[in-house]
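Source file: final-v2.pdb (PDB, C-alpha atoms)
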ATOM      1  CA  MET A   1      -0.192  24.656  -3.751  1.00  0.00           C
ATOM      2  CA  ILE A   2       0.449  28.003  -2.046  1.00  0.00           C
ATOM      3  CA  ASP A   3      -2.935  29.380  -0.996  1.00  0.00           C
ATOM      4  CA  SER A   4      -2.325  33.074  -1.682  1.00  0.00           C
ATOM      5  CA  LYS A   5      -4.381  35.354  -3.894  1.00  0.00           C
ATOM      6  CA  ILE A   6      -2.584  36.414  -7.044  1.00  0.00           C
ATOM      7  CA  ILE A   7      -5.681  37.904  -8.737  1.00  0.00           C
ATOM      8  CA  GLU A   8      -8.692  39.603  -7.170  1.00  0.00           C
ATOM      9  CA  VAL A   9     -11.545  40.785  -9.409  1.00  0.00           C
ATOM     10  CA  ASN A  10     -14.088  43.088  -7.778  1.00  0.00           C
ATOM     11  CA  ASN A  11     -17.476  43.953  -9.297  1.00  0.00           C
ATOM     12  CA  LEU A  12     -15.953  44.106 -12.778  1.00  0.00           C
ATOM     13  CA  ILE A  13     -18.014  45.782 -15.502  1.00  0.00           C
ATOM     14  CA  LYS A  14     -17.041  46.178 -19.149  1.00  0.00           C
ATOM     15  CA  ASP A  15     -19.194  48.010 -21.685  1.00  0.00           C
ATOM     16  CA  TYR A  16     -18.570  48.333 -25.411  1.00  0.00           C
ATOM     17  CA  SER A  17     -20.307  51.087 -27.356  1.00  0.00           C
ATOM     18  CA  MET A  18     -22.393  50.005 -30.344  1.00  0.00           C
ATOM     19  CA  GLY A  19     -23.515  53.196 -32.059  1.00  0.00           C
ATOM     20  CA  LYS A  20     -25.839  54.961 -29.620  1.00  0.00           C
ATOM     21  CA  GLN A  21     -26.192  51.829 -27.500  1.00  0.00           C
ATOM     22  CA  PHE A  22     -23.750  49.679 -25.556  1.00  0.00           C
ATOM     23  CA  PHE A  23     -23.112  46.011 -25.000  1.00  0.00           C
ATOM     24  CA  ARG A  24     -22.263  44.901 -21.447  1.00  0.00           C
ATOM     25  CA  ALA A  25     -19.646  42.147 -21.821  1.00  0.00           C
ATOM     26  CA  LEU A  26     -19.013  41.843 -18.059  1.00  0.00           C
ATOM     27  CA  ASN A  27     -21.721  42.545 -15.525  1.00  0.00           C
ATOM     28  CA  GLY A  28     -20.427  42.691 -11.950  1.00  0.00           C
ATOM     29  CA  VAL A  29     -17.879  39.840 -11.967  1.00  0.00           C
ATOM     30  CA  ASN A  30     -16.218  38.890  -8.667  1.00  0.00           C
ATOM     31  CA  LEU A  31     -13.419  36.319  -8.693  1.00  0.00           C
ATOM     32  CA  SER A  32     -10.318  35.373  -6.690  1.00  0.00           C
ATOM     33  CA  VAL A  33      -7.504  33.266  -8.133  1.00  0.00           C
ATOM     34  CA  ASN A  34      -4.788  31.723  -5.972  1.00  0.00           C
ATOM     35  CA  THR A  35      -1.139  31.213  -6.822  1.00  0.00           C
ATOM     36  CA  GLY A  36      -0.751  27.884  -8.633  1.00  0.00           C
ATOM     37  CA  ASP A  37      -4.385  27.561  -9.743  1.00  0.00           C
ATOM     38  CA  PHE A  38      -5.115  25.643 -12.964  1.00  0.00           C
ATOM     39  CA  CYS A  39      -8.378  27.347 -13.690  1.00  0.00           C
ATOM     40  CA  GLY A  40     -10.763  27.723 -16.611  1.00  0.00           C
ATOM     41  CA  LEU A  41     -13.220  30.463 -17.510  1.00  0.00           C
ATOM     42  CA  VAL A  42     -15.850  28.339 -19.218  1.00  0.00           C
ATOM     43  CA  GLY A  43     -18.881  29.453 -21.164  1.00  0.00           C
ATOM     44  CA  PRO A  44     -20.424  29.929 -24.593  1.00  0.00           C
ATOM     45  CA  SER A  45     -19.218  32.470 -27.123  1.00  0.00           C
ATOM     46  CA  GLY A  46     -20.135  35.953 -25.902  1.00  0.00           C
ATOM     47  CA  SER A  47     -20.206  34.983 -22.224  1.00  0.00           C
ATOM     48  CA  GLY A  48     -17.381  37.398 -21.345  1.00  0.00           C
ATOM     49  CA  LYS A  49     -14.515  34.978 -20.771  1.00  0.00           C
ATOM     50  CA  THR A  50     -12.055  36.524 -23.253  1.00  0.00           C
ATOM     51  CA  THR A  51     -12.934  40.045 -22.056  1.00  0.00           C
ATOM     52  CA  LEU A  52     -12.209  38.988 -18.474  1.00  0.00           C
ATOM     53  CA  LEU A  53      -8.930  37.365 -19.521  1.00  0.00           C
ATOM     54  CA  ASN A  54      -7.867  40.547 -21.353  1.00  0.00           C
ATOM     55  CA  ILE A  55      -8.551  42.749 -18.331  1.00  0.00           C
ATOM     56  CA  ILE A  56      -6.648  40.393 -16.015  1.00  0.00           C
ATOM     57  CA  GLY A  57      -3.773  40.551 -18.525  1.00  0.00           C
ATOM     58  CA  ALA A  58      -3.804  44.374 -18.500  1.00  0.00           C
ATOM     59  CA  LEU A  59      -4.639  44.372 -22.214  1.00  0.00           C
ATOM     60  CA  ASP A  60      -7.920  46.199 -21.587  1.00  0.00           C
ATOM     61  CA  ASN A  61      -9.433  48.422 -18.874  1.00  0.00           C
ATOM     62  CA  PRO A  62     -12.766  47.852 -17.161  1.00  0.00           C
ATOM     63  CA  THR A  63     -15.658  50.307 -17.338  1.00  0.00           C
ATOM     64  CA  GLY A  64     -16.333  49.774 -13.639  1.00  0.00           C
ATOM     65  CA  GLY A  65     -14.917  47.800 -10.742  1.00  0.00           C
ATOM     66  CA  ASP A  66     -11.308  46.681 -10.712  1.00  0.00           C
ATOM     67  CA  ALA A  67      -8.915  43.778 -11.182  1.00  0.00           C
ATOM     68  CA  ILE A  68      -6.008  43.499  -8.744  1.00  0.00           C
ATOM     69  CA  VAL A  69      -3.216  41.491 -10.360  1.00  0.00           C
ATOM     70  CA  MET A  70      -0.171  40.722  -8.207  1.00  0.00           C
ATOM     71  CA  ASP A  71      -1.173  43.576  -5.848  1.00  0.00           C
ATOM     72  CA  LYS A  72      -1.483  46.056  -8.729  1.00  0.00           C
ATOM     73  CA  SER A  73      -4.769  47.682  -9.715  1.00  0.00           C
ATOM     74  CA  VAL A  74      -5.244  47.372 -13.484  1.00  0.00           C
ATOM     75  CA  ASN A  75      -7.247  50.624 -13.377  1.00  0.00           C
ATOM     76  CA  SER A  76      -4.313  52.562 -11.917  1.00  0.00           C
ATOM     77  CA  LEU A  77      -1.688  51.371 -14.420  1.00  0.00           C
ATOM     78  CA  ASN A  78      -0.581  53.691 -17.181  1.00  0.00           C
ATOM     79  CA  HIS A  79       0.437  52.280 -20.573  1.00  0.00           C
ATOM     80  CA  LYS A  80       4.085  51.840 -19.571  1.00  0.00           C
ATOM     81  CA  GLU A  81       3.248  50.211 -16.219  1.00  0.00           C
ATOM     82  CA  ALA A  82       0.763  47.814 -17.857  1.00  0.00           C
ATOM     83  CA  ALA A  83       3.403  46.804 -20.427  1.00  0.00           C
ATOM     84  CA  LYS A  84       5.928  46.244 -17.609  1.00  0.00           C
ATOM     85  CA  LEU A  85       3.489  43.966 -15.742  1.00  0.00           C
ATOM     86  CA  ARG A  86       2.813  41.941 -18.895  1.00  0.00           C
ATOM     87  CA  ASN A  87       6.454  41.717 -19.940  1.00  0.00           C
ATOM     88  CA  GLU A  88       7.754  40.649 -16.532  1.00  0.00           C
ATOM     89  CA  SER A  89       5.012  38.517 -15.040  1.00  0.00           C
ATOM     90  CA  ILE A  90       2.366  37.347 -17.542  1.00  0.00           C
ATOM     91  CA  GLY A  91       2.618  34.877 -20.415  1.00  0.00           C
ATOM     92  CA  PHE A  92      -0.029  34.749 -23.149  1.00  0.00           C
ATOM     93  CA  ILE A  93      -1.125  31.817 -25.309  1.00  0.00           C
ATOM     94  CA  PHE A  94      -3.717  32.402 -28.030  1.00  0.00           C
ATOM     95  CA  GLN A  95      -5.651  30.108 -30.367  1.00  0.00           C
ATOM     96  CA  THR A  96      -3.746  31.622 -33.284  1.00  0.00           C
ATOM     97  CA  TYR A  97      -0.091  30.960 -32.602  1.00  0.00           C
ATOM     98  CA  ASN A  98       1.070  34.518 -33.467  1.00  0.00           C
ATOM     99  CA  LEU A  99       4.571  33.323 -34.369  1.00  0.00           C
ATOM    100  CA  LEU A 100       6.727  35.758 -36.339  1.00  0.00           C
ATOM    101  CA  PRO A 101       7.151  34.011 -39.721  1.00  0.00           C
ATOM    102  CA  VAL A 102      10.550  35.473 -40.651  1.00  0.00           C
ATOM    103  CA  TYR A 103      12.182  34.339 -37.398  1.00  0.00           C
ATOM    104  CA  THR A 104      13.278  30.885 -36.275  1.00  0.00           C
ATOM    105  CA  VAL A 105      11.657  28.967 -33.447  1.00  0.00           C
ATOM    106  CA  PHE A 106      14.567  29.988 -31.207  1.00  0.00           C
ATOM    107  CA  GLU A 107      14.114  33.673 -32.085  1.00  0.00           C
ATOM    108  CA  ASN A 108      10.341  33.534 -31.545  1.00  0.00           C
ATOM    109  CA  VAL A 109      10.793  32.065 -28.062  1.00  0.00           C
ATOM    110  CA  GLU A 110      13.629  34.497 -27.322  1.00  0.00           C
ATOM    111  CA  PHE A 111      11.543  37.589 -28.069  1.00  0.00           C
ATOM    112  CA  PRO A 112      10.089  38.135 -24.535  1.00  0.00           C
ATOM    113  CA  LEU A 113      13.626  37.991 -23.100  1.00  0.00           C
ATOM    114  CA  LEU A 114      14.786  40.764 -25.441  1.00  0.00           C
ATOM    115  CA  LEU A 115      12.051  42.973 -23.977  1.00  0.00           C
ATOM    116  CA  LEU A 116      13.441  42.169 -20.521  1.00  0.00           C
ATOM    117  CA  LYS A 117      16.965  43.038 -21.707  1.00  0.00           C
ATOM    118  CA  LYS A 118      18.442  39.690 -20.649  1.00  0.00           C
ATOM    119  CA  ASN A 119      22.029  39.102 -21.747  1.00  0.00           C
ATOM    120  CA  LYS A 120      22.842  36.652 -24.539  1.00  0.00           C
ATOM    121  CA  THR A 121      23.928  33.773 -22.283  1.00  0.00           C
ATOM    122  CA  GLU A 122      20.801  34.062 -20.125  1.00  0.00           C
ATOM    123  CA  ARG A 123      18.632  34.194 -23.236  1.00  0.00           C
ATOM    124  CA  GLU A 124      20.215  31.106 -24.812  1.00  0.00           C
ATOM    125  CA  GLU A 125      19.915  29.065 -21.620  1.00  0.00           C
ATOM    126  CA  SER A 126      16.314  30.128 -21.028  1.00  0.00           C
ATOM    127  CA  VAL A 127      15.196  29.507 -24.612  1.00  0.00           C
ATOM    128  CA  MET A 128      16.711  26.021 -24.793  1.00  0.00           C
ATOM    129  CA  ARG A 129      15.216  25.151 -21.394  1.00  0.00           C
ATOM    130  CA  ALA A 130      11.766  26.283 -22.604  1.00  0.00           C
ATOM    131  CA  LEU A 131      12.117  24.308 -25.855  1.00  0.00           C
ATOM    132  CA  GLU A 132      13.123  21.267 -23.824  1.00  0.00           C
ATOM    133  CA  TRP A 133       9.957  21.659 -21.728  1.00  0.00           C
ATOM    134  CA  VAL A 134       7.833  21.364 -24.882  1.00  0.00           C
ATOM    135  CA  GLY A 135      10.026  18.765 -26.608  1.00  0.00           C
ATOM    136  CA  LEU A 136      11.191  20.959 -29.482  1.00  0.00           C
ATOM    137  CA  THR A 137      14.932  21.473 -29.013  1.00  0.00           C
ATOM    138  CA  ASP A 138      15.464  19.836 -32.422  1.00  0.00           C
ATOM    139  CA  LYS A 139      13.294  22.525 -34.074  1.00  0.00           C
ATOM    140  CA  ALA A 140      15.220  25.536 -32.701  1.00  0.00           C
ATOM    141  CA  ASN A 141      16.444  26.602 -36.151  1.00  0.00           C
ATOM    142  CA  SER A 142      13.214  25.870 -38.026  1.00  0.00           C
ATOM    143  CA  LYS A 143      10.898  28.570 -39.338  1.00  0.00           C
ATOM    144  CA  PRO A 144       7.190  28.558 -38.387  1.00  0.00           C
ATOM    145  CA  ASN A 145       6.148  27.472 -41.899  1.00  0.00           C
ATOM    146  CA  GLN A 146       8.140  24.254 -41.366  1.00  0.00           C
ATOM    147  CA  LEU A 147       6.099  23.309 -38.281  1.00  0.00           C
ATOM    148  CA  SER A 148       2.840  21.432 -37.823  1.00  0.00           C
ATOM    149  CA  GLY A 149      -0.043  23.086 -35.981  1.00  0.00           C
ATOM    150  CA  GLY A 150       0.756  21.148 -32.818  1.00  0.00           C
ATOM    151  CA  GLU A 151       4.411  22.118 -32.980  1.00  0.00           C
ATOM    152  CA  SER A 152       3.496  25.773 -33.549  1.00  0.00           C
ATOM    153  CA  GLN A 153       1.315  25.804 -30.445  1.00  0.00           C
ATOM    154  CA  ARG A 154       4.088  24.141 -28.436  1.00  0.00           C
ATOM    155  CA  VAL A 155       6.394  26.978 -29.551  1.00  0.00           C
ATOM    156  CA  ALA A 156       3.726  29.407 -28.342  1.00  0.00           C
ATOM    157  CA  VAL A 157       3.724  27.648 -24.961  1.00  0.00           C
ATOM    158  CA  ALA A 158       7.530  27.847 -24.808  1.00  0.00           C
ATOM    159  CA  ARG A 159       7.392  31.562 -25.646  1.00  0.00           C
ATOM    160  CA  ALA A 160       4.825  32.151 -22.892  1.00  0.00           C
ATOM    161  CA  MET A 161       6.860  30.188 -20.344  1.00  0.00           C
ATOM    162  CA  VAL A 162      10.426  31.231 -21.238  1.00  0.00           C
ATOM    163  CA  LYS A 163      10.548  34.039 -18.664  1.00  0.00           C
ATOM    164  CA  ILE A 164       8.903  31.754 -16.031  1.00  0.00           C
ATOM    165  CA  PRO A 165       5.935  34.087 -15.544  1.00  0.00           C
ATOM    166  CA  ARG A 166       3.798  34.156 -12.431  1.00  0.00           C
ATOM    167  CA  ILE A 167       0.632  33.915 -14.553  1.00  0.00           C
ATOM    168  CA  VAL A 168      -0.191  32.359 -17.947  1.00  0.00           C
ATOM    169  CA  LEU A 169      -3.408  33.386 -19.708  1.00  0.00           C
ATOM    170  CA  ALA A 170      -4.507  30.962 -22.435  1.00  0.00           C
ATOM    171  CA  ASP A 171      -7.381  31.916 -24.753  1.00  0.00           C
ATOM    172  CA  GLU A 172      -8.813  28.836 -26.499  1.00  0.00           C
ATOM    173  CA  PRO A 173      -5.292  27.347 -26.849  1.00  0.00           C
ATOM    174  CA  THR A 174      -6.516  24.072 -28.378  1.00  0.00           C
ATOM    175  CA  ALA A 175      -9.074  25.515 -30.807  1.00  0.00           C
ATOM    176  CA  ASN A 176      -6.999  24.756 -33.908  1.00  0.00           C
ATOM    177  CA  LEU A 177      -5.568  21.413 -32.774  1.00  0.00           C
ATOM    178  CA  ASP A 178      -6.635  17.804 -33.139  1.00  0.00           C
ATOM    179  CA  ALA A 179      -7.272  15.682 -30.054  1.00  0.00           C
ATOM    180  CA  ALA A 180      -3.784  14.149 -29.828  1.00  0.00           C
ATOM    181  CA  ASN A 181      -2.009  17.516 -30.061  1.00  0.00           C
ATOM    182  CA  SER A 182      -4.498  19.092 -27.656  1.00  0.00           C
ATOM    183  CA  HIS A 183      -3.756  16.481 -24.987  1.00  0.00           C
ATOM    184  CA  ASN A 184       0.002  16.854 -25.574  1.00  0.00           C
ATOM    185  CA  ILE A 185      -0.190  20.639 -25.073  1.00  0.00           C
ATOM    186  CA  LEU A 186      -2.448  20.353 -22.029  1.00  0.00           C
ATOM    187  CA  LYS A 187      -0.242  17.734 -20.330  1.00  0.00           C
ATOM    188  CA  THR A 188       2.773  20.009 -20.906  1.00  0.00           C
ATOM    189  CA  MET A 189       0.993  22.997 -19.350  1.00  0.00           C
ATOM    190  CA  GLN A 190      -0.263  20.862 -16.464  1.00  0.00           C
ATOM    191  CA  ARG A 191       3.288  19.677 -15.749  1.00  0.00           C
ATOM    192  CA  LEU A 192       4.703  23.227 -15.876  1.00  0.00           C
ATOM    193  CA  ASN A 193       1.958  24.395 -13.536  1.00  0.00           C
ATOM    194  CA  LEU A 194       2.864  21.731 -10.995  1.00  0.00           C
ATOM    195  CA  GLU A 195       6.644  22.103 -11.330  1.00  0.00           C
ATOM    196  CA  LEU A 196       6.907  25.900 -11.493  1.00  0.00           C
ATOM    197  CA  LYS A 197       3.747  26.876  -9.528  1.00  0.00           C
ATOM    198  CA  THR A 198       2.757  29.130 -12.430  1.00  0.00           C
ATOM    199  CA  THR A 199      -0.916  30.129 -12.289  1.00  0.00           C
ATOM    200  CA  PHE A 200      -2.788  29.126 -15.466  1.00  0.00           C
ATOM    201  CA  ILE A 201      -6.129  30.647 -16.473  1.00  0.00           C
ATOM    202  CA  PHE A 202      -7.858  29.379 -19.605  1.00  0.00           C
ATOM    203  CA  ALA A 203     -10.756  30.877 -21.535  1.00  0.00           C
ATOM    204  CA  THR A 204     -12.369  27.893 -23.206  1.00  0.00           C
ATOM    205  CA  HIS A 205     -15.434  25.904 -24.088  1.00  0.00           C
ATOM    206  CA  ASP A 206     -13.356  22.877 -25.202  1.00  0.00           C
ATOM    207  CA  GLU A 207     -14.240  19.745 -23.238  1.00  0.00           C
ATOM    208  CA  LYS A 208     -10.660  18.476 -23.677  1.00  0.00           C
ATOM    209  CA  VAL A 209      -9.336  21.512 -21.782  1.00  0.00           C
ATOM    210  CA  ILE A 210     -12.060  21.266 -19.156  1.00  0.00           C
ATOM    211  CA  GLY A 211     -10.976  17.686 -18.438  1.00  0.00           C
ATOM    212  CA  TYR A 212      -7.578  18.954 -17.199  1.00  0.00           C
ATOM    213  CA  LEU A 213      -8.810  21.838 -15.051  1.00  0.00           C
ATOM    214  CA  ARG A 214      -8.720  21.800 -11.272  1.00  0.00           C
ATOM    215  CA  ARG A 215     -11.231  24.644 -11.109  1.00  0.00           C
ATOM    216  CA  LYS A 216     -14.033  25.638 -13.470  1.00  0.00           C
ATOM    217  CA  VAL A 217     -15.525  29.145 -13.355  1.00  0.00           C
ATOM    218  CA  MET A 218     -18.742  29.207 -15.382  1.00  0.00           C
ATOM    219  CA  LEU A 219     -19.700  32.442 -17.130  1.00  0.00           C
ATOM    220  CA  ASN A 220     -22.865  33.396 -18.947  1.00  0.00           C
ATOM    221  CA  ASP A 221     -24.070  36.812 -20.118  1.00  0.00           C
ATOM    222  CA  GLY A 222     -21.098  38.485 -18.454  1.00  0.00           C
ATOM    223  CA  LYS A 223     -21.719  36.988 -15.016  1.00  0.00           C
ATOM    224  CA  VAL A 224     -20.128  34.195 -12.967  1.00  0.00           C
ATOM    225  CA  ILE A 225     -22.888  31.634 -12.549  1.00  0.00           C
ATOM    226  CA  ASP A 226     -20.881  28.862 -10.886  1.00  0.00           C
ATOM    227  CA  ASP A 227     -17.396  28.200  -9.479  1.00  0.00           C
ATOM    228  CA  ILE A 228     -16.546  24.516  -9.171  1.00  0.00           C
ATOM    229  CA  ASN A 229     -13.493  22.928  -7.543  1.00  0.00           C
ATOM    230  CA  LEU A 230     -12.567  19.887  -9.670  1.00  0.00           C
ATOM    231  CA  SER A 231      -9.420  18.746  -7.833  1.00  0.00           C
TER     232      SER A 231
END
For the structure just supplied, provide its representation as C-alpha cells.
Amino acid sequence: MIDSKIIEVNNLIKDYSMGKQFFRALNGVNLSVNTGDFCGLVGPSGSGKTTLLNIIGALDNPTGGDAIVMDKSVNSLNHKEAAKLRNESIGFIFQTYNLLPVYTVFENVEFPLLLLKKNKTEREESVMRALEWVGLTDKANSKPNQLSGGESQRVAVARAMVKIPRIVLADEPTANLDAANSHNILKTMQRLNLELKTTFIFATHDEKVIGYLRRKVMLNDGKVIDDINLS
C-alpha cells in the first residue's frame, strides 16, 4: 500500500445542542488515515463513530478542531466545495440502501456520474464495470423492489464505487444482511480496496466486518481509546 496520509483529523470536537445543554459526540479526536487503508471505527452506539464518519465525508462540520481530507480542510469548505469533494472523491455506503425505487439498478448506479457530467458512453462503460465488480450485470434493468437485501446492498456498493473514488465511507453496511450476504459484500469491498487502492473506512460494531479489517480504531464516549493494526 502507498503510505501517504489521505485524512488527518486534529483535535476534533463535535457538540450537539440539547435544549439549554449540549451533548459532546466527539471529544478531541486525533486520527491519521493512509491511502489504501481498510479501517474500521469500532465502538458501541453513541461512541461517536458515525459523527466522525460524517465529518470526514464533509456531511457535517466540527465544533472545534479540523479534518483534513485530501489536503482540504473540511472547516474551510463552503457548501458548493463540500459537494464537489463528495461528488468527485468520496463514495458512501449506508446500512439502508437508499436506492431510488422508481429507477432501475443501472440508473441508480449511474446517478453519481450524472452529477459529474460524464458523457453517455463513459457512463455506460463505468456502470457496467461497477455492476460486474459486484456480480450484478444481469440485474441492470431490474427495479430495487425486485432485489433481495444482499443484492440491494451490492448495488449500493456499485454506486459508491462507480466513479472510482479515493475514499469510501461505509456506515454499518452489513447491519441489515445475513451472514452469507455480509461476507459476500465484505469480500467484494476487500477486493476493490486491494485492486483500486481505494481507502475504506467503516463505522461498525459488527464482528463480521471487524474480521476483515486491517486496522481497528476503537472509540468510546467520543474519544479514540485504541488504534490496532490487524494486518
task = List the residues matched by the PyMOL selection byres ((chain A and resi 209) around 10) in the displayed structure as a list of chain:residue names, ordered by chain and then by residue number.
result = A:Gly40, A:Val42, A:Glu172, A:Pro173, A:Thr174, A:Ala175, A:Ser182, A:His183, A:Ile185, A:Leu186, A:Lys187, A:Phe202, A:Ala203, A:Thr204, A:His205, A:Asp206, A:Glu207, A:Lys208, A:Ile210, A:Gly211, A:Tyr212, A:Leu213
message = Evaluated on this file, the PyMOL selection byres ((chain A and resi 152) around 12) picks out some residues - which ones are they, written as a ChimeraX atom specification?
response = /A:93-101,104-105,108-109,131,134-136,139-140,142-151,153-159,173-174,176-177,181-182,185
message = Just checking: using only C-alpha atoms, which residue out of A:Gly28, A:Gly91, A:Gly65, A:Gly46 ends up closest to Ala170 of chain A?
response = A:Gly91
Please return the centre and edge lengths, in Å to one decimal, of a box with edges along x, y and z that contains all listed atoms of segment 111-120 of chain A, widened by 8 Å on every side, as AutoDock Vina command-line options.
--center_x 16.5 --center_y 39.8 --center_z -24.3 --size_x 28.8 --size_y 22.4 --size_z 23.5
task = Name all residues at most 10 Å from Gly36 of chain A (count only C-alpha atoms; drop same-chain ones fewer than 3 positions away) and give them as JSON, numbers by chain.
result = {"A": [1, 2, 3, 4, 5, 6, 33, 39, 166, 167, 193, 194, 195, 196, 197, 198, 199, 200, 201]}
inquiry  = Can you pull out the residues contacting Ser76 of chain A? Cut-off 10 Å, using all atoms listed in the file, and skip same-chain residues under 6 positions away; I want them as a VMD selection string.
reply    = chain A and resid 61 66 to 68 82
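Of the listed residues A:Leu41, A:Leu52, A:Leu59, A:Val162, the one whose atoms come nearest to Glu122 of chain A is A:Val162, with distances taken using only C-alpha atoms.
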Name the residues that the PyMOL selection byres ((chain A and resi 72) around 12) pulls out of this structure, and write them as a compact mmCIF listing (two decimals) with C-alpha atoms, in the frame of the given file.
# COMPACT_ATOMS: atom_id res chain seq x y z
CA ILE A 6 -2.58 36.41 -7.04
CA ILE A 7 -5.68 37.90 -8.74
CA GLU A 8 -8.69 39.60 -7.17
CA VAL A 9 -11.54 40.78 -9.41
CA ILE A 56 -6.65 40.39 -16.02
CA GLY A 57 -3.77 40.55 -18.52
CA ALA A 58 -3.80 44.37 -18.50
CA ASP A 66 -11.31 46.68 -10.71
CA ALA A 67 -8.91 43.78 -11.18
CA ILE A 68 -6.01 43.50 -8.74
CA VAL A 69 -3.22 41.49 -10.36
CA MET A 70 -0.17 40.72 -8.21
CA ASP A 71 -1.17 43.58 -5.85
CA SER A 73 -4.77 47.68 -9.72
CA VAL A 74 -5.24 47.37 -13.48
CA ASN A 75 -7.25 50.62 -13.38
CA SER A 76 -4.31 52.56 -11.92
CA LEU A 77 -1.69 51.37 -14.42
CA ASN A 78 -0.58 53.69 -17.18
CA GLU A 81 3.25 50.21 -16.22
CA ALA A 82 0.76 47.81 -17.86
CA LYS A 84 5.93 46.24 -17.61
CA LEU A 85 3.49 43.97 -15.74
CA ARG A 86 2.81 41.94 -18.90
CA SER A 89 5.01 38.52 -15.04
message = Would you compute the distance between atom CA of Pro44 of chain A and atom CA of Asn220 of chain A? Give it in Å to one decimal.
response =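 About the pair atom CA of Pro44 of chain A and atom CA of Asn220 of chain A: they are 7.1 Å apart.
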ask   = Quick one: distance from atom CA of Met128 of chain A to atom CA of Val102 of chain A in Å, one decimal?
value =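 Taking atom CA of Met128 of chain A and atom CA of Val102 of chain A, their separation equals 19.5 Å.
From atom CA of Asn34 of chain A back to atom CA of Asn10 of chain A, the distance works out to 14.8 Å.
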key: Close residues, Glu88 of chain A itself excluded, 8 Å, all atoms listed in the file, min 4 positions apart in chain, as a list in words   = Lys84, Leu116, Lys163 and Pro165 of chain A
message = Ranking A:Thr121, A:Ser126, A:Ser45, A:Thr188 by minimum distance to Asp221 of chain A and counting all atoms listed in the file, which one comes first?
response =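 Between A:Thr121, A:Ser126, A:Ser45, A:Thr188, the residue approaching Asp221 of chain A most closely is A:Ser45.
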request  = Rank A:Asn54, A:Phe106, A:Thr35, A:Lys20 by their smallest atom-to-atom distance to Asp138 of chain A, using all atoms listed in the file, and report the top residue only.
outcome  = A:Phe106
task = Can you work out which one of A:Val168, A:Met18, A:Val29, A:Ala180 has the shortest atom-to-atom distance to Asp226 of chain A, counting all atoms listed in the file?
result =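 Distance minimum relative to Asp226 of chain A lands on A:Val29.
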